[in-house]
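The next block is input19.csv, given as CSV, N, CA and C atoms and all ligand atoms.
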```csv
chain,number,residue,atom,x,y,z
A,172,MET,N,-39.2,-14.4,-47.8
A,172,MET,CA,-38.8,-13.1,-47.2
A,172,MET,C,-39.9,-12.2,-47.0
A,173,THR,N,-41.0,-12.7,-47.0
A,173,THR,CA,-42.1,-11.8,-46.7
A,173,THR,C,-42.2,-11.5,-45.2
A,174,ASN,N,-42.1,-10.2,-44.9
A,174,ASN,CA,-42.0,-9.9,-43.5
A,174,ASN,C,-43.4,-9.5,-43.0
A,175,GLU,N,-44.4,-9.5,-43.9
A,175,GLU,CA,-45.7,-9.1,-43.4
A,175,GLU,C,-46.3,-10.2,-42.6
A,176,SER,N,-46.9,-9.9,-41.5
A,176,SER,CA,-47.6,-10.9,-40.7
A,176,SER,C,-49.0,-10.9,-41.2
A,177,THR,N,-49.5,-12.1,-41.3
A,177,THR,CA,-50.9,-12.2,-41.8
A,177,THR,C,-51.9,-12.1,-40.7
A,178,GLY,N,-51.4,-11.9,-39.5
A,178,GLY,CA,-52.4,-11.8,-38.4
A,178,GLY,C,-53.2,-10.6,-38.5
A,179,GLY,N,-52.5,-9.5,-38.8
A,179,GLY,CA,-53.2,-8.3,-38.9
A,179,GLY,C,-53.3,-7.5,-37.7
A,180,ALA,N,-53.4,-8.1,-36.6
A,180,ALA,CA,-53.7,-7.4,-35.4
A,180,ALA,C,-52.4,-6.7,-34.8
A,181,GLY,N,-51.3,-7.1,-35.2
A,181,GLY,CA,-50.1,-6.6,-34.6
A,181,GLY,C,-49.6,-5.4,-35.3
A,182,SER,N,-50.2,-4.3,-35.1
A,182,SER,CA,-49.7,-3.0,-35.7
A,182,SER,C,-48.6,-2.5,-34.8
A,183,HIS,N,-47.6,-2.1,-35.6
A,183,HIS,CA,-46.3,-1.8,-34.9
A,183,HIS,C,-46.3,-0.4,-34.3
A,184,SER,N,-46.9,0.5,-35.0
A,184,SER,CA,-46.8,1.9,-34.6
A,184,SER,C,-48.2,2.4,-34.3
A,185,GLY,N,-48.2,3.5,-33.6
A,185,GLY,CA,-49.5,4.1,-33.4
A,185,GLY,C,-50.2,3.6,-32.2
A,186,GLY,N,-49.5,3.0,-31.3
A,186,GLY,CA,-50.2,2.5,-30.1
A,186,GLY,C,-50.3,3.6,-29.1
A,187,PRO,N,-51.5,3.8,-28.5
A,187,PRO,CA,-51.7,4.8,-27.5
A,187,PRO,C,-50.9,4.4,-26.2
A,188,ASN,N,-50.0,5.3,-25.9
A,188,ASN,CA,-49.1,5.0,-24.7
A,188,ASN,C,-49.8,5.4,-23.5
A,189,ARG,N,-50.5,4.5,-22.9
A,189,ARG,CA,-51.3,4.9,-21.7
A,189,ARG,C,-50.4,4.8,-20.5
A,190,GLY,N,-50.9,5.4,-19.5
A,190,GLY,CA,-50.2,5.3,-18.2
A,190,GLY,C,-49.1,6.3,-18.0
A,191,PRO,N,-49.2,6.9,-16.9
A,191,PRO,CA,-48.1,7.9,-16.6
A,191,PRO,C,-46.8,7.2,-16.3
A,192,ARG,N,-45.7,7.8,-16.7
A,192,ARG,CA,-44.4,7.2,-16.5
A,192,ARG,C,-44.0,7.4,-15.0
A,193,PRO,N,-43.3,6.4,-14.5
A,193,PRO,CA,-42.8,6.6,-13.2
A,193,PRO,C,-41.7,7.6,-13.2
A,194,PRO,N,-41.6,8.4,-12.2
A,194,PRO,CA,-40.6,9.5,-12.1
A,194,PRO,C,-39.2,8.9,-12.1
A,195,ARG,N,-38.4,9.5,-12.9
A,195,ARG,CA,-37.0,9.1,-13.0
A,195,ARG,C,-36.3,9.3,-11.7
A,196,ARG,N,-35.4,8.3,-11.5
A,196,ARG,CA,-34.5,8.5,-10.3
A,196,ARG,C,-33.4,9.3,-10.7
A,197,GLU,N,-33.1,10.2,-9.9
A,197,GLU,CA,-31.9,11.1,-10.1
A,197,GLU,C,-30.6,10.4,-9.9
A,198,TYR,N,-29.8,10.6,-10.9
A,198,TYR,CA,-28.5,9.9,-10.8
A,198,TYR,C,-27.5,10.9,-10.1
A,199,GLY,N,-26.6,10.3,-9.4
A,199,GLY,CA,-25.6,11.1,-8.8
A,199,GLY,C,-26.1,11.8,-7.6
A,200,GLY,N,-25.2,12.4,-6.9
A,200,GLY,CA,-25.6,13.1,-5.7
A,200,GLY,C,-25.8,12.2,-4.5
A,201,ALA,N,-25.6,12.7,-3.4
A,201,ALA,CA,-25.8,11.8,-2.2
A,201,ALA,C,-27.2,12.0,-1.8
A,202,GLY,N,-28.0,11.1,-2.3
A,202,GLY,CA,-29.4,11.2,-1.9
A,202,GLY,C,-30.1,9.9,-1.8
A,203,GLY,N,-29.3,8.8,-1.8
A,203,GLY,CA,-29.9,7.5,-1.8
A,203,GLY,C,-30.3,7.1,-0.4
A,204,GLY,N,-31.6,7.3,-0.2
A,204,GLY,CA,-32.1,7.0,1.2
A,204,GLY,C,-33.0,5.8,1.2
A,205,GLY,N,-32.6,4.7,0.5
A,205,GLY,CA,-33.5,3.6,0.5
A,205,GLY,C,-32.9,2.4,1.1
A,206,GLY,N,-32.3,2.6,2.2
A,206,GLY,CA,-31.6,1.5,2.9
A,206,GLY,C,-32.6,0.6,3.7
A,207,LYS,N,-32.4,-0.7,3.5
A,207,LYS,CA,-33.3,-1.6,4.3
A,207,LYS,C,-32.5,-1.9,5.6
A,208,ASP,N,-33.2,-1.6,6.6
A,208,ASP,CA,-32.5,-2.0,7.9
A,208,ASP,C,-33.1,-3.3,8.4
A,209,ARG,N,-32.7,-4.3,7.8
A,209,ARG,CA,-33.1,-5.6,8.2
A,209,ARG,C,-32.4,-6.1,9.4
A,210,PHE,N,-31.2,-5.5,9.6
A,210,PHE,CA,-30.4,-5.9,10.7
A,210,PHE,C,-29.8,-4.7,11.3
A,211,VAL,N,-29.6,-4.8,12.6
A,211,VAL,CA,-29.0,-3.6,13.3
A,211,VAL,C,-27.6,-3.6,12.8
A,212,ARG,N,-27.2,-2.4,12.5
A,212,ARG,CA,-25.8,-2.2,12.0
A,212,ARG,C,-24.9,-2.2,13.2
A,213,ARG,N,-24.2,-3.3,13.3
A,213,ARG,CA,-23.2,-3.3,14.4
A,213,ARG,C,-21.9,-3.7,13.8
A,214,ARG,N,-20.9,-3.0,14.1
A,214,ARG,CA,-19.6,-3.3,13.6
A,214,ARG,C,-19.0,-4.4,14.5
A,215,VAL,N,-19.6,-4.6,15.6
A,215,VAL,CA,-18.9,-5.5,16.5
A,215,VAL,C,-19.2,-6.9,16.2
A,216,CYS,N,-18.1,-7.7,16.3
A,216,CYS,CA,-18.2,-9.1,16.0
A,216,CYS,C,-18.9,-9.8,17.2
A,217,GLN,N,-20.0,-10.6,16.9
A,217,GLN,CA,-20.7,-11.2,17.9
A,217,GLN,C,-19.9,-12.2,18.8
A,218,PHE,N,-18.9,-12.8,18.1
A,218,PHE,CA,-18.1,-13.7,18.9
A,218,PHE,C,-17.1,-13.0,19.8
A,219,CYS,N,-16.7,-11.8,19.3
A,219,CYS,CA,-15.8,-11.1,20.2
A,219,CYS,C,-16.6,-10.5,21.4
A,220,VAL,N,-17.8,-10.2,21.2
A,220,VAL,CA,-18.6,-9.7,22.3
A,220,VAL,C,-18.8,-10.8,23.3
A,221,ASP,N,-19.0,-12.0,22.9
A,221,ASP,CA,-19.2,-13.1,23.8
A,221,ASP,C,-17.8,-13.7,24.3
A,222,LYS,N,-16.8,-13.1,23.7
A,222,LYS,CA,-15.4,-13.5,24.1
A,222,LYS,C,-15.2,-15.0,23.9
A,223,MET,N,-15.7,-15.4,22.7
A,223,MET,CA,-15.5,-16.8,22.3
A,223,MET,C,-14.2,-16.9,21.6
A,224,VAL,N,-13.4,-17.9,22.0
A,224,VAL,CA,-12.1,-18.1,21.3
A,224,VAL,C,-12.4,-19.0,20.1
A,225,ASP,N,-13.0,-20.1,20.4
A,225,ASP,CA,-13.4,-21.1,19.4
A,225,ASP,C,-14.9,-21.1,19.2
A,226,ILE,N,-15.3,-21.4,18.0
A,226,ILE,CA,-16.7,-21.4,17.7
A,226,ILE,C,-17.1,-22.9,17.7
A,227,ASP,N,-18.1,-23.2,18.5
A,227,ASP,CA,-18.5,-24.6,18.6
A,227,ASP,C,-19.4,-24.9,17.4
A,228,TYR,N,-19.0,-25.9,16.6
A,228,TYR,CA,-19.8,-26.3,15.5
A,228,TYR,C,-21.1,-27.0,15.8
A,229,LYS,N,-21.2,-27.3,17.1
A,229,LYS,CA,-22.5,-28.0,17.5
A,229,LYS,C,-23.5,-26.9,18.0
A,230,ASP,N,-23.0,-25.7,18.0
A,230,ASP,CA,-23.9,-24.6,18.5
A,230,ASP,C,-24.8,-24.2,17.3
A,231,VAL,N,-25.8,-25.0,17.0
A,231,VAL,CA,-26.6,-24.7,15.8
A,231,VAL,C,-27.4,-23.4,15.9
A,232,ALA,N,-27.9,-23.2,17.1
A,232,ALA,CA,-28.7,-22.0,17.3
A,232,ALA,C,-27.9,-20.7,16.9
A,233,ARG,N,-26.7,-20.8,17.2
A,233,ARG,CA,-25.8,-19.6,17.0
A,233,ARG,C,-25.4,-19.5,15.5
A,234,LEU,N,-25.1,-20.7,15.0
A,234,LEU,CA,-24.5,-20.8,13.6
A,234,LEU,C,-25.6,-20.5,12.6
A,235,ARG,N,-26.8,-20.8,12.9
A,235,ARG,CA,-28.0,-20.6,12.0
A,235,ARG,C,-28.1,-19.2,11.6
A,236,ARG,N,-27.8,-18.3,12.5
A,236,ARG,CA,-28.0,-16.9,12.2
A,236,ARG,C,-27.0,-16.4,11.1
A,237,PHE,N,-26.0,-17.2,10.9
A,237,PHE,CA,-25.0,-16.7,9.9
A,237,PHE,C,-25.2,-17.4,8.6
A,238,LEU,N,-26.3,-18.1,8.4
A,238,LEU,CA,-26.7,-18.7,7.1
A,238,LEU,C,-27.8,-17.8,6.5
A,239,SER,N,-27.7,-17.7,5.2
A,239,SER,CA,-28.8,-17.0,4.5
A,239,SER,C,-30.0,-17.9,4.5
A,240,ASP,N,-31.1,-17.4,3.9
A,240,ASP,CA,-32.3,-18.2,3.8
A,240,ASP,C,-32.1,-19.3,2.8
A,241,ARG,N,-31.1,-19.3,2.1
A,241,ARG,CA,-30.8,-20.4,1.1
A,241,ARG,C,-29.8,-21.3,1.7
A,242,GLY,N,-29.4,-21.1,2.8
A,242,GLY,CA,-28.4,-22.0,3.4
A,242,GLY,C,-26.9,-21.6,3.2
A,243,LYS,N,-26.8,-20.4,2.6
A,243,LYS,CA,-25.4,-20.0,2.3
A,243,LYS,C,-24.8,-19.2,3.5
A,244,ILE,N,-23.6,-19.2,3.5
A,244,ILE,CA,-22.9,-18.5,4.6
A,244,ILE,C,-22.9,-17.0,4.3
A,245,GLU,N,-23.4,-16.2,5.2
A,245,GLU,CA,-23.5,-14.8,5.0
A,245,GLU,C,-22.1,-14.2,5.0
A,246,PRO,N,-21.9,-13.2,4.1
A,246,PRO,CA,-20.6,-12.5,4.0
A,246,PRO,C,-20.4,-11.7,5.3
A,247,ARG,N,-19.2,-11.3,5.4
A,247,ARG,CA,-18.8,-10.6,6.6
A,247,ARG,C,-19.4,-9.2,6.7
A,248,ARG,N,-19.7,-8.7,5.6
A,248,ARG,CA,-20.3,-7.4,5.5
A,248,ARG,C,-21.6,-7.4,6.2
A,249,LYS,N,-22.3,-8.5,6.0
A,249,LYS,CA,-23.6,-8.5,6.6
A,249,LYS,C,-23.6,-8.9,8.1
A,250,THR,N,-22.7,-9.8,8.4
A,250,THR,CA,-22.7,-10.3,9.8
A,250,THR,C,-21.9,-9.4,10.7
A,251,GLY,N,-20.9,-8.7,10.1
A,251,GLY,CA,-20.1,-7.8,10.9
A,251,GLY,C,-19.1,-8.5,11.8
A,252,ASN,N,-18.8,-9.7,11.4
A,252,ASN,CA,-17.8,-10.5,12.2
A,252,ASN,C,-16.4,-10.0,11.8
A,253,CYS,N,-15.5,-10.2,12.7
A,253,CYS,CA,-14.1,-9.9,12.4
A,253,CYS,C,-13.5,-11.0,11.6
A,254,ALA,N,-12.4,-10.7,11.0
A,254,ALA,CA,-11.8,-11.7,10.1
A,254,ALA,C,-11.5,-13.0,10.8
A,255,LYS,N,-11.0,-12.9,12.0
A,255,LYS,CA,-10.6,-14.1,12.7
A,255,LYS,C,-11.8,-15.0,12.9
A,256,HIS,N,-12.9,-14.4,13.4
A,256,HIS,CA,-14.0,-15.2,13.8
A,256,HIS,C,-14.8,-15.6,12.5
A,257,GLN,N,-14.8,-14.8,11.5
A,257,GLN,CA,-15.5,-15.2,10.3
A,257,GLN,C,-14.9,-16.5,9.7
A,258,ARG,N,-13.6,-16.5,9.8
A,258,ARG,CA,-12.8,-17.7,9.4
A,258,ARG,C,-13.2,-18.9,10.2
A,259,ALA,N,-13.2,-18.7,11.5
A,259,ALA,CA,-13.6,-19.8,12.4
A,259,ALA,C,-15.0,-20.2,12.2
A,260,LEU,N,-15.8,-19.2,11.8
A,260,LEU,CA,-17.2,-19.5,11.6
A,260,LEU,C,-17.5,-20.4,10.4
A,261,THR,N,-16.8,-20.1,9.3
A,261,THR,CA,-16.9,-20.9,8.1
A,261,THR,C,-16.5,-22.3,8.3
A,262,VAL,N,-15.5,-22.5,9.1
A,262,VAL,CA,-15.0,-23.8,9.4
A,262,VAL,C,-16.0,-24.6,10.2
A,263,ALA,N,-16.5,-23.8,11.2
A,263,ALA,CA,-17.5,-24.5,12.1
A,263,ALA,C,-18.8,-24.8,11.3
A,264,LEU,N,-19.2,-23.9,10.4
A,264,LEU,CA,-20.4,-24.1,9.6
A,264,LEU,C,-20.3,-25.3,8.7
A,265,LYS,N,-19.1,-25.4,8.1
A,265,LYS,CA,-18.9,-26.5,7.2
A,265,LYS,C,-18.8,-27.9,8.0
A,266,ARG,N,-18.3,-27.8,9.1
A,266,ARG,CA,-18.3,-29.0,10.0
A,266,ARG,C,-19.7,-29.4,10.3
A,267,ALA,N,-20.5,-28.4,10.7
A,267,ALA,CA,-21.9,-28.6,11.1
A,267,ALA,C,-22.7,-29.2,9.9
A,268,ARG,N,-22.3,-28.7,8.7
A,268,ARG,CA,-23.0,-29.3,7.5
A,268,ARG,C,-22.7,-30.7,7.3
A,269,GLN,N,-21.5,-31.1,7.6
A,269,GLN,CA,-21.1,-32.4,7.3
A,269,GLN,C,-21.8,-33.4,8.2
A,270,ILE,N,-22.0,-33.0,9.4
A,270,ILE,CA,-22.7,-33.9,10.3
A,270,ILE,C,-24.2,-33.6,10.3
A,271,ALA,N,-24.7,-32.9,9.3
A,271,ALA,CA,-26.1,-32.6,9.1
A,271,ALA,C,-26.8,-31.8,10.2
A,272,LEU,N,-26.0,-31.0,10.8
A,272,LEU,CA,-26.7,-30.1,11.8
A,272,LEU,C,-27.2,-28.9,11.0
A,273,LEU,N,-26.6,-28.6,9.9
A,273,LEU,CA,-27.0,-27.4,9.1
A,273,LEU,C,-27.2,-27.8,7.7
A,274,PRO,N,-28.0,-27.1,7.0
A,274,PRO,CA,-28.3,-27.5,5.6
A,274,PRO,C,-27.2,-27.0,4.6
A,275,TYR,N,-27.0,-27.7,3.6
A,275,TYR,CA,-26.1,-27.2,2.5
A,275,TYR,C,-26.8,-26.3,1.7
A,276,THR,N,-28.1,-26.5,1.6
A,276,THR,CA,-29.0,-25.6,0.8
A,276,THR,C,-30.3,-25.5,1.5
A,277,ALA,N,-31.2,-24.7,0.9
A,277,ALA,CA,-32.5,-24.5,1.6
A,277,ALA,C,-33.3,-25.8,1.5
A,278,GLU,N,-34.0,-26.1,2.5
A,278,GLU,CA,-34.7,-27.3,2.6
A,278,GLU,C,-35.9,-27.3,1.6
A,279,HIS,N,-36.5,-26.1,1.5
A,279,HIS,CA,-37.7,-26.1,0.6
A,279,HIS,C,-37.4,-26.2,-0.8
A,280,ILE,N,-36.1,-25.9,-1.2
A,280,ILE,CA,-35.7,-26.0,-2.6
A,280,ILE,C,-35.5,-27.5,-2.9
A,281,ARG,N,-34.9,-28.1,-2.0
A,281,ARG,CA,-34.7,-29.6,-2.2
A,281,ARG,C,-36.0,-30.3,-2.3
A,282,PHE,N,-36.9,-29.8,-1.5
A,282,PHE,CA,-38.2,-30.4,-1.5
A,282,PHE,C,-38.9,-30.3,-2.8
A,283,MET,N,-38.8,-29.1,-3.4
A,283,MET,CA,-39.5,-28.8,-4.7
A,283,MET,C,-38.9,-29.6,-5.8
A,284,GLN,N,-37.6,-29.9,-5.8
A,284,GLN,CA,-37.0,-30.5,-6.9
A,284,GLN,C,-37.0,-32.0,-6.9
A,285,ARG,N,-37.7,-32.5,-5.9
A,285,ARG,CA,-37.8,-33.9,-5.8
A,285,ARG,C,-38.5,-34.6,-6.9
Q,301,ZN,ZN,-14.5,-11.6,16.4
```

Here is a file; write its structure as structure tokens.
Ligand SMILES: [Zn+2]
Amino acid sequence: MTNESTGGAGSHSGGPNRGPRPPRREYGGAGGGGGKDRFVRRRVCQFCVDKMVDIDYKDVARLRRFLSDRGKIEPRRKTGNCAKHQRALTVALKRARQIALLPYTAEHIRFMQR
């Protein structure tokens, strides 16, 4: 039950706290201006714009944009699709995955775990 460490170097108290602290973020209030605009905020569904009724699962170039960098399907909040087309999109994406047009997961991760 001896709690003393025989190393000696690890003094628990009395360390000089160097370095200035980062300024605290203010909580509350409408002041959060740190939005990343990685994508143009469009409420319009891309498929509605193109007046597509069905989404072609072979249209990889189009479907790719709705996958995250890890191969996951992006949520509707990010893509801005309407409910109808998001549903059709997931079906199309899953079909495309089955015939290996699109990845189930990120390729580089698969590569690393080999
Ligand atoms: Zn739509």

Could you produce a table of the residues of chain A lying within 6.5 Å of ligand ZN 301 (chain Q), with the nearest pair of atoms per residue and their separation in Å rounded to one decimal, using only N, CA and C atoms and all ligand atoms, ordered by chain and increasing residue number, as CSV?
```
residue,atom,partner,partner_atom,distance
A:Cys216,CA,Q:ZN301,ZN,4.5
A:Gln217,N,Q:ZN301,ZN,5.6
A:Phe218,C,Q:ZN301,ZN,4.5
A:Cys219,N,Q:ZN301,ZN,3.6
A:Val220,N,Q:ZN301,ZN,6.0
A:Asn252,C,Q:ZN301,ZN,5.2
A:Cys253,N,Q:ZN301,ZN,4.1
A:Ala254,N,Q:ZN301,ZN,5.9
A:Lys255,C,Q:ZN301,ZN,5.6
A:His256,N,Q:ZN301,ZN,4.4
A:Gln257,N,Q:ZN301,ZN,5.9
```

- Task: Compare A:Leu260, A:Val224, A:Val215, A:Ala232 by their minimum atom-to-atom distance to A:Pro246, counting only C-alpha atoms, and give me the closest one.
- Result: A:Leu260

Near A:Leu272, counting all atoms listed in the file, which residues have an atom at most 8 Å away, once you skip same-chain residues fewer than 4 positions from it, shown as a CSV table (one decimal) with N, CA and C atoms, in the coordinates of the input?
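Written out: around-v8.csv:
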```csv
chain,number,residue,atom,x,y,z
A,228,TYR,N,-19.0,-25.9,16.6
A,228,TYR,CA,-19.8,-26.3,15.5
A,228,TYR,C,-21.1,-27.0,15.8
A,229,LYS,N,-21.2,-27.3,17.1
A,229,LYS,CA,-22.5,-28.0,17.5
A,229,LYS,C,-23.5,-26.9,18.0
A,231,VAL,N,-25.8,-25.0,17.0
A,231,VAL,CA,-26.6,-24.7,15.8
A,231,VAL,C,-27.4,-23.4,15.9
A,266,ARG,N,-18.3,-27.8,9.1
A,266,ARG,CA,-18.3,-29.0,10.0
A,266,ARG,C,-19.7,-29.4,10.3
A,267,ALA,N,-20.5,-28.4,10.7
A,267,ALA,CA,-21.9,-28.6,11.1
A,267,ALA,C,-22.7,-29.2,9.9
A,268,ARG,N,-22.3,-28.7,8.7
A,268,ARG,CA,-23.0,-29.3,7.5
A,268,ARG,C,-22.7,-30.7,7.3
```

- Query: atom N of A:Asp225 to atom C of A:Arg241: how many Å, to one decimal?
  - Reply: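 Taking atom N of A:Asp225 as the start and atom C of A:Arg241 as the end point, the length is 25.2 Å.
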
- Item | Top pick for closest residue to A:Lys243, considering A:Pro193, A:Arg214, A:Ala271, A:Thr261 and counting only C-alpha atoms |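 The answer is A:Thr261, which sits nearest to A:Lys243.
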
- Query: Restricting the calculation to only C-alpha atoms, which member of A:Lys265, A:Arg189, A:Arg195, A:Lys222 is positioned closest to A:Phe237?
  - Reply: A:Lys265

- Query: Which of these, A:Arg236, A:Thr276, A:Gly190, A:Val262, has the shortest distance to A:Thr250 once you count only C-alpha atoms?
  - Reply: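 Checking each of A:Arg236, A:Thr276, A:Gly190, A:Val262 against A:Thr250, counting only C-alpha atoms, the winner is A:Arg236.
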
- Task: Calculate how many Å separate atom CA of A:Ala263 from atom CA of A:Ile244, rounding to one decimal.
- Result: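 Computing it gives 11.0 Å between the two atoms.
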